[in-house]
$ cat coords_23.csv   # CSV, C-alpha atoms
chain,number,residue,atom,x,y,z
A,30,MET,CA,-7.2,13.2,13.5
A,31,SER,CA,-7.1,11.8,9.9
A,32,ALA,CA,-10.2,10.0,8.8
A,33,MET,CA,-9.7,6.8,6.8
A,34,THR,CA,-12.1,4.4,5.2
A,35,LYS,CA,-11.6,1.6,2.6
A,36,ARG,CA,-13.6,0.6,-0.4
A,37,THR,CA,-13.5,-2.5,-2.6
A,38,LEU,CA,-14.9,-3.2,-6.0
A,39,ASP,CA,-17.5,-6.0,-6.2
A,40,GLY,CA,-17.5,-8.3,-9.2
A,41,LYS,CA,-20.2,-7.8,-11.7
A,42,ALA,CA,-22.3,-10.8,-12.9
A,43,MET,CA,-22.2,-11.4,-16.6
A,44,ALA,CA,-25.5,-11.4,-18.4
A,45,GLY,CA,-26.0,-14.0,-21.2
A,46,VAL,CA,-27.6,-13.4,-24.6
A,47,GLN,CA,-31.2,-14.7,-25.0
A,48,ALA,CA,-31.9,-16.6,-28.2
A,49,GLY,CA,-34.6,-15.0,-30.4
A,50,PRO,CA,-37.9,-16.7,-31.6
A,51,PRO,CA,-37.5,-19.4,-34.2
A,52,GLY,CA,-37.8,-18.5,-37.9
A,53,ALA,CA,-40.8,-19.3,-40.0
A,54,GLY,CA,-41.1,-23.0,-40.7
A,55,ALA,CA,-38.4,-24.0,-38.2
A,56,PRO,CA,-39.3,-27.2,-36.3
A,57,PRO,CA,-40.2,-26.6,-32.6
A,58,PRO,CA,-37.6,-29.1,-31.3
A,59,VAL,CA,-34.8,-27.1,-33.0
A,60,ALA,CA,-36.0,-23.8,-31.4
A,61,GLY,CA,-36.1,-25.5,-28.0
A,62,ALA,CA,-32.6,-26.8,-28.5
A,63,ARG,CA,-31.4,-23.3,-29.2
A,64,ARG,CA,-32.9,-21.9,-26.1
A,65,ALA,CA,-31.5,-24.7,-24.0
A,66,GLY,CA,-28.1,-24.2,-25.6
A,67,GLY,CA,-28.2,-20.5,-24.8
A,68,LEU,CA,-29.2,-21.1,-21.2
A,69,GLY,CA,-26.4,-23.7,-20.8
A,70,ALA,CA,-23.8,-21.3,-22.2
A,71,ASN,CA,-25.0,-18.6,-19.7
A,72,ALA,CA,-24.7,-21.0,-16.8
A,73,LEU,CA,-21.2,-22.1,-18.0
A,74,ILE,CA,-20.0,-18.5,-18.3
A,75,ALA,CA,-21.4,-17.6,-14.8
A,76,ALA,CA,-19.7,-20.6,-13.3
A,77,LEU,CA,-16.4,-19.7,-14.9
A,78,VAL,CA,-16.5,-16.2,-13.6
A,79,VAL,CA,-17.2,-17.5,-10.0
A,80,ALA,CA,-14.4,-20.0,-10.3
A,81,LEU,CA,-11.9,-17.5,-11.7
A,82,ALA,CA,-12.8,-15.0,-9.0
A,83,GLY,CA,-12.4,-17.7,-6.3
A,84,CYS,CA,-9.0,-18.7,-7.7
A,85,GLY,CA,-7.8,-15.1,-7.6
A,86,ILE,CA,-7.2,-14.9,-11.4
A,87,LEU,CA,-9.5,-11.9,-11.8
A,88,PRO,CA,-7.9,-8.7,-10.5
A,89,GLU,CA,-9.3,-7.1,-7.5
A,90,LYS,CA,-9.4,-3.3,-7.1
A,91,GLU,CA,-7.0,-2.1,-4.4
A,92,PRO,CA,-8.8,-0.5,-1.4
A,93,ILE,CA,-8.5,3.3,-1.3
A,94,ALA,CA,-7.7,5.0,2.0
A,95,LEU,CA,-9.3,8.4,2.6
A,96,TYR,CA,-7.6,11.2,4.5
A,97,ALA,CA,-9.0,14.5,5.8
A,98,PRO,CA,-6.5,16.9,7.4
A,99,GLU,CA,-8.4,19.0,9.9
A,100,ALA,CA,-6.4,22.1,10.9
A,101,ARG,CA,-7.6,24.0,13.9
A,102,ILE,CA,-6.3,27.5,14.8
A,103,GLN,CA,-6.3,29.7,17.8
A,104,ALA,CA,-7.3,33.3,17.5
A,105,ASP,CA,-4.4,35.7,18.2
A,106,PRO,CA,-5.2,38.4,20.9
A,107,ALA,CA,-3.6,40.9,18.6
A,108,TRP,CA,-6.1,40.4,15.8
A,109,PRO,CA,-8.6,43.2,15.4
A,110,THR,CA,-12.3,42.8,15.7
A,111,VAL,CA,-13.9,44.1,12.5
A,112,ASP,CA,-17.4,45.1,11.5
A,113,TRP,CA,-17.2,44.2,7.8
A,114,GLN,CA,-18.0,41.0,6.0
A,115,LEU,CA,-15.9,38.7,3.8
A,116,GLN,CA,-16.4,36.4,0.9
A,117,VAL,CA,-13.9,33.5,0.3
A,118,PRO,CA,-14.3,32.1,-3.2
A,119,ARG,CA,-13.0,28.7,-4.0
A,120,PRO,CA,-9.2,28.9,-4.4
A,121,HIS,CA,-7.7,28.5,-7.9
A,122,ALA,CA,-5.2,25.7,-8.4
A,123,ALA,CA,-3.4,23.8,-11.2
A,124,GLU,CA,-5.1,20.7,-12.5
A,125,LEU,CA,-2.9,18.2,-10.5
A,126,LEU,CA,-3.7,20.0,-7.2
A,127,ASP,CA,-7.3,20.5,-8.1
A,128,SER,CA,-8.2,16.9,-7.4
A,129,PRO,CA,-8.3,14.5,-4.4
A,130,ARG,CA,-5.0,13.0,-5.3
A,131,ILE,CA,-2.2,13.4,-2.7
A,132,VAL,CA,0.8,14.9,-4.5
A,133,VAL,CA,4.3,13.9,-3.7
A,134,ARG,CA,7.6,15.5,-4.9
A,135,PRO,CA,10.2,12.7,-4.7
A,136,VAL,CA,12.9,14.9,-6.3
A,137,PRO,CA,12.9,18.6,-7.3
A,138,GLY,CA,11.0,19.1,-10.5
A,139,GLU,CA,9.1,15.8,-10.4
A,140,LEU,CA,5.6,15.3,-9.3
A,141,GLN,CA,3.8,12.0,-8.5
A,142,VAL,CA,0.8,10.9,-6.5
A,143,TYR,CA,0.5,8.4,-3.6
A,144,LYS,CA,-0.9,5.1,-4.6
A,145,GLY,CA,-4.0,3.8,-2.8
A,146,ALA,CA,-4.7,7.1,-0.9
A,147,VAL,CA,-6.6,10.2,-1.6
A,148,TRP,CA,-8.0,13.3,0.2
A,149,THR,CA,-11.7,13.3,1.0
A,150,GLN,CA,-12.0,16.3,-1.3
A,151,PRO,CA,-9.8,18.3,-3.7
A,152,ALA,CA,-7.0,20.4,-2.0
A,153,PRO,CA,-8.6,23.8,-2.9
A,154,ASP,CA,-11.8,22.7,-1.0
A,155,LEU,CA,-9.7,21.6,2.0
A,156,LEU,CA,-8.1,25.1,2.1
A,157,GLN,CA,-11.4,26.9,1.6
A,158,ASP,CA,-13.2,25.0,4.4
A,159,THR,CA,-10.2,25.5,6.8
A,160,LEU,CA,-10.3,29.3,6.3
A,161,LEU,CA,-14.1,29.6,6.5
A,162,ARG,CA,-14.0,27.7,9.8
A,163,ALA,CA,-11.0,29.7,11.1
A,164,PHE,CA,-12.7,33.1,10.4
A,165,ALA,CA,-16.0,32.0,11.9
A,166,ASP,CA,-14.4,30.5,15.0
A,167,SER,CA,-12.2,33.5,15.6
A,168,GLY,CA,-15.1,35.6,16.6
A,169,ARG,CA,-13.4,38.7,15.1
A,170,ILE,CA,-15.5,39.3,12.0
A,171,THR,CA,-19.1,40.1,11.4
A,172,GLY,CA,-19.7,37.6,8.7
A,173,VAL,CA,-17.8,35.2,6.3
A,174,ALA,CA,-19.1,33.0,3.6
A,175,ARG,CA,-18.5,31.3,0.3
A,176,ARG,CA,-19.2,33.3,-2.9
A,177,GLY,CA,-22.8,32.7,-3.9
A,178,ALA,CA,-23.9,31.9,-0.4
A,179,GLY,CA,-26.2,34.9,-0.2
A,180,VAL,CA,-23.9,37.0,2.0
A,181,THR,CA,-22.8,40.3,0.7
A,182,GLY,CA,-19.1,40.8,1.3
A,183,ASP,CA,-17.3,44.1,1.7
A,184,TYR,CA,-14.1,42.3,0.7
A,185,GLU,CA,-13.2,39.2,-1.3
A,186,LEU,CA,-10.2,37.0,-0.4
A,187,LEU,CA,-8.9,35.6,-3.7
A,188,LEU,CA,-6.6,32.7,-3.3
A,189,GLU,CA,-4.2,30.6,-5.5
A,190,LEU,CA,-3.1,27.3,-4.1
A,191,ARG,CA,0.4,27.0,-5.5
A,192,ARG,CA,1.7,24.0,-3.5
A,193,PHE,CA,0.1,21.3,-1.5
A,194,ASP,CA,2.5,18.4,-1.7
A,195,SER,CA,4.7,16.1,0.2
A,196,ASP,CA,8.3,17.1,-0.5
A,197,TYR,CA,11.2,14.6,-0.1
A,198,ALA,CA,13.9,17.2,-0.9
A,199,PRO,CA,15.1,17.2,2.7
A,200,GLY,CA,15.5,13.4,2.5
A,201,ALA,CA,12.4,12.7,4.5
A,202,PRO,CA,8.8,13.8,3.6
A,203,ALA,CA,7.6,17.2,4.6
A,204,ALA,CA,4.2,18.8,3.9
A,205,VAL,CA,4.5,22.0,1.9
A,206,VAL,CA,1.5,24.4,1.6
A,207,GLU,CA,1.9,27.6,-0.4
A,208,VAL,CA,-0.9,30.1,-1.1
A,209,GLY,CA,-1.0,33.4,-2.9
A,210,ALA,CA,-3.6,35.8,-1.6
A,211,GLN,CA,-5.2,39.1,-2.7
A,212,LEU,CA,-7.7,41.1,-0.6
A,213,VAL,CA,-10.1,42.9,-3.0
A,214,SER,CA,-12.6,45.6,-2.1
A,215,SER,CA,-16.0,44.6,-3.4
A,216,ARG,CA,-17.0,48.3,-3.8
A,217,SER,CA,-14.2,49.4,-6.0
A,218,ASN,CA,-13.0,46.0,-7.3
A,219,GLN,CA,-9.4,47.0,-6.4
A,220,VAL,CA,-6.8,45.0,-4.7
A,221,VAL,CA,-6.0,46.5,-1.3
A,222,ALA,CA,-3.4,44.0,-0.3
A,223,SER,CA,-1.5,41.0,-1.6
A,224,ARG,CA,0.9,38.5,-0.1
A,225,ALA,CA,2.2,34.9,-0.4
A,226,PHE,CA,2.1,32.4,2.5
A,227,ARG,CA,4.1,29.3,2.8
A,228,ALA,CA,4.5,26.7,5.6
A,229,THR,CA,6.6,23.5,5.8
A,230,ALA,CA,6.0,20.7,8.3
A,231,PRO,CA,8.2,17.6,8.5
A,232,ALA,CA,6.4,14.3,8.8
A,233,ALA,CA,7.3,12.0,11.8
A,234,ALA,CA,7.6,9.0,9.4
A,235,THR,CA,7.2,8.1,5.8
A,236,ASP,CA,3.7,6.4,6.1
A,237,ILE,CA,0.8,8.3,4.6
A,238,GLY,CA,-0.9,8.7,8.0
A,239,SER,CA,2.2,10.7,9.3
A,240,VAL,CA,2.3,12.7,6.1
A,241,SER,CA,-1.4,13.6,6.5
A,242,ARG,CA,-0.8,14.8,10.0
A,243,ALA,CA,2.1,17.0,8.7
A,244,PHE,CA,-0.4,18.5,6.3
A,245,GLU,CA,-2.6,19.4,9.2
A,246,THR,CA,0.2,21.3,10.8
A,247,ALA,CA,1.3,23.2,7.6
A,248,LEU,CA,-2.3,24.0,6.7
A,249,GLY,CA,-3.0,25.3,10.2
A,250,GLN,CA,0.1,27.6,10.0
A,251,VAL,CA,-0.9,29.0,6.7
A,252,ALA,CA,-4.5,29.5,7.8
A,253,THR,CA,-3.5,31.3,11.0
A,254,GLU,CA,-1.3,33.7,9.1
A,255,LEU,CA,-3.9,34.3,6.4
A,256,VAL,CA,-6.7,35.1,8.9
A,257,GLY,CA,-4.6,37.5,10.9
A,258,TRP,CA,-3.3,39.2,7.7
A,259,THR,CA,-6.8,39.6,6.2
A,260,LEU,CA,-8.3,41.2,9.3
A,261,VAL,CA,-5.4,43.6,9.7
A,262,GLU,CA,-5.3,44.6,6.0
A,263,GLY,CA,-9.1,45.0,5.8
A,264,GLU,CA,-9.1,47.3,8.8
A,265,ARG,CA,-6.3,49.3,7.3
A,266,SER,CA,-8.3,49.7,4.1
A,267,GLN,CA,-11.4,50.8,6.1
A,268,ALA,CA,-9.4,53.3,8.1
A,269,SER,CA,-7.9,54.9,4.9
A,270,GLY,CA,-11.4,55.8,3.8
A,271,PRO,CA,-13.6,54.5,0.9
A,272,THR,CA,-11.7,53.4,-2.2
A,273,ARG,CA,-12.6,55.0,-5.5
A,274,PRO,CA,-15.5,53.1,-7.1

$ encode --input "coords_23.csv" --output "structure tokens"
Amino acid sequence: MSAMTKRTLDGKAMAGVQAGPPGAGAPPPVAGARRAGGLGANALIAALVVALAGCGILPEKEPIALYAPEARIQADPAWPTVDWQLQVPRPHAAELLDSPRIVVRPVPGELQVYKGAVWTQPAPDLLQDTLLRAFADSGRITGVARRGAGVTGDYELLLELRRFDSDYAPGAPAAVVEVGAQLVSSRSNQVVASRAFRATAPAAATDIGSVSRAFETALGQVATELVGWTLVEGERSQASGPTRP
């Protein structure tokens, strides 16, 4: 289920400028008048800020809704059980996708973002977390981890997130997830298999909550295919013997 929280921006109190010490030879009453005047101005400014905020003249920041698609997959009985380990580095993505913004494609060739709604983390991190959880939950692999987590991997799964957007081309929003994958032998640094994965899931309605649930479906489909493909191709590489270092 999508998680959603809201945040608002609190108004900042304005700090007044304190008057400095009187100059040489200046009569004390004048210095006191300056200090009193400065304090009076500060109080007036603060009162104006409060009054303007109460009247709604000062703009308020629109609340931001946070969404976290959580795709869960079921292990396929046909998947092999392997005795090698895998590293999954953070997927590469273009700048627009490598952010928490929820991208929408209103017409072919045009990209926008939803207003007032973001993912809880950038799309590449959503994909990486989904895959790490899917591999671990499958029970079919000895070990899987992020790069740099201290786990030595026999293979690396290099990923490029090509699409992660809500597409209105069919006339109604549909979540599109497209990923390019390369399975690389850590021993030889050679690509042993490569493939592109794509899934499209129509949203039940146009609201962002429905769109987020469509992303859960599309992300789950891609993750399921990726996990099965990786296990099969890794085993095929192992059976063919050690690759040339």

$ closest_residue --input "coords_23.csv" --among "A:Leu187, A:Ala252, A:Ala222, A:Ala232" --to "A:Pro120" --atoms "only C-alpha atoms"
A:Leu187

$ closest_residue --input "coords_23.csv" --among "A:Asp196, A:Val220, A:Pro231, A:Pro118" --to "A:Val142" --atoms "all atoms listed in the file"
A:Asp196

$ closest_residue --input "coords_23.csv" --among "A:Gln103, A:Gln114, A:Gln219, A:Gln250" --to "A:Ile170" --atoms "only C-alpha atoms"
A:Gln114

$ residues_around --input "coords_23.csv" --residues "A:Thr171" --least-positions-apart "3" --cutoff "8 Å" --atoms "all atoms listed in the file" --output "number ranges by chain"
A: 111-114, 168

$ closest_residue --input "coords_23.csv" --among "A:Gly249, A:Pro199, A:Gly263, A:Gly179" --to "A:Val213" --atoms "all atoms listed in the file"
A:Gly263

$ residues_around --input "coords_23.csv" --residues "A:Leu140" --least-positions-apart "3" --cutoff "12 Å" --atoms "all atoms listed in the file" --output "mmCIF file with C-alpha atoms, in the coordinates of the input"
data_model
loop_
_atom_site.group_PDB
_atom_site.id
_atom_site.type_symbol
_atom_site.label_atom_id
_atom_site.label_comp_id
_atom_site.auth_asym_id
_atom_site.auth_seq_id
_atom_site.Cartn_x
_atom_site.Cartn_y
_atom_site.Cartn_z
ATOM 1 C CA LEU A 125 -2.900 18.200 -10.500
ATOM 2 C CA LEU A 126 -3.700 20.000 -7.200
ATOM 3 C CA ARG A 130 -5.000 13.000 -5.300
ATOM 4 C CA ILE A 131 -2.200 13.400 -2.700
ATOM 5 C CA VAL A 132 0.800 14.900 -4.500
ATOM 6 C CA VAL A 133 4.300 13.900 -3.700
ATOM 7 C CA ARG A 134 7.600 15.500 -4.900
ATOM 8 C CA PRO A 135 10.200 12.700 -4.700
ATOM 9 C CA VAL A 136 12.900 14.900 -6.300
ATOM 10 C CA PRO A 137 12.900 18.600 -7.300
ATOM 11 C CA TYR A 143 0.500 8.400 -3.600
ATOM 12 C CA ARG A 192 1.700 24.000 -3.500
ATOM 13 C CA PHE A 193 0.100 21.300 -1.500
ATOM 14 C CA ASP A 194 2.500 18.400 -1.700
ATOM 15 C CA SER A 195 4.700 16.100 0.200
ATOM 16 C CA ASP A 196 8.300 17.100 -0.500
ATOM 17 C CA TYR A 197 11.200 14.600 -0.100
ATOM 18 C CA ALA A 198 13.900 17.200 -0.900
#

$ closest_residue --input "coords_23.csv" --among "A:Phe164, A:Val240, A:Arg175, A:Thr110" --to "A:Ala204" --atoms "only C-alpha atoms"
A:Val240

$ atom_distance --input "coords_23.csv" --atom1 "atom CA of A:Gly182" --atom2 "atom CA of A:Val206"
26.3 Å

$ atom_distance --input "coords_23.csv" --atom1 "atom CA of A:Ser217" --atom2 "atom CA of A:Tyr184"
9.8 Å

$ atom_distance --input "coords_23.csv" --atom1 "atom CA of A:Leu186" --atom2 "atom CA of A:Asp166"
17.2 Å
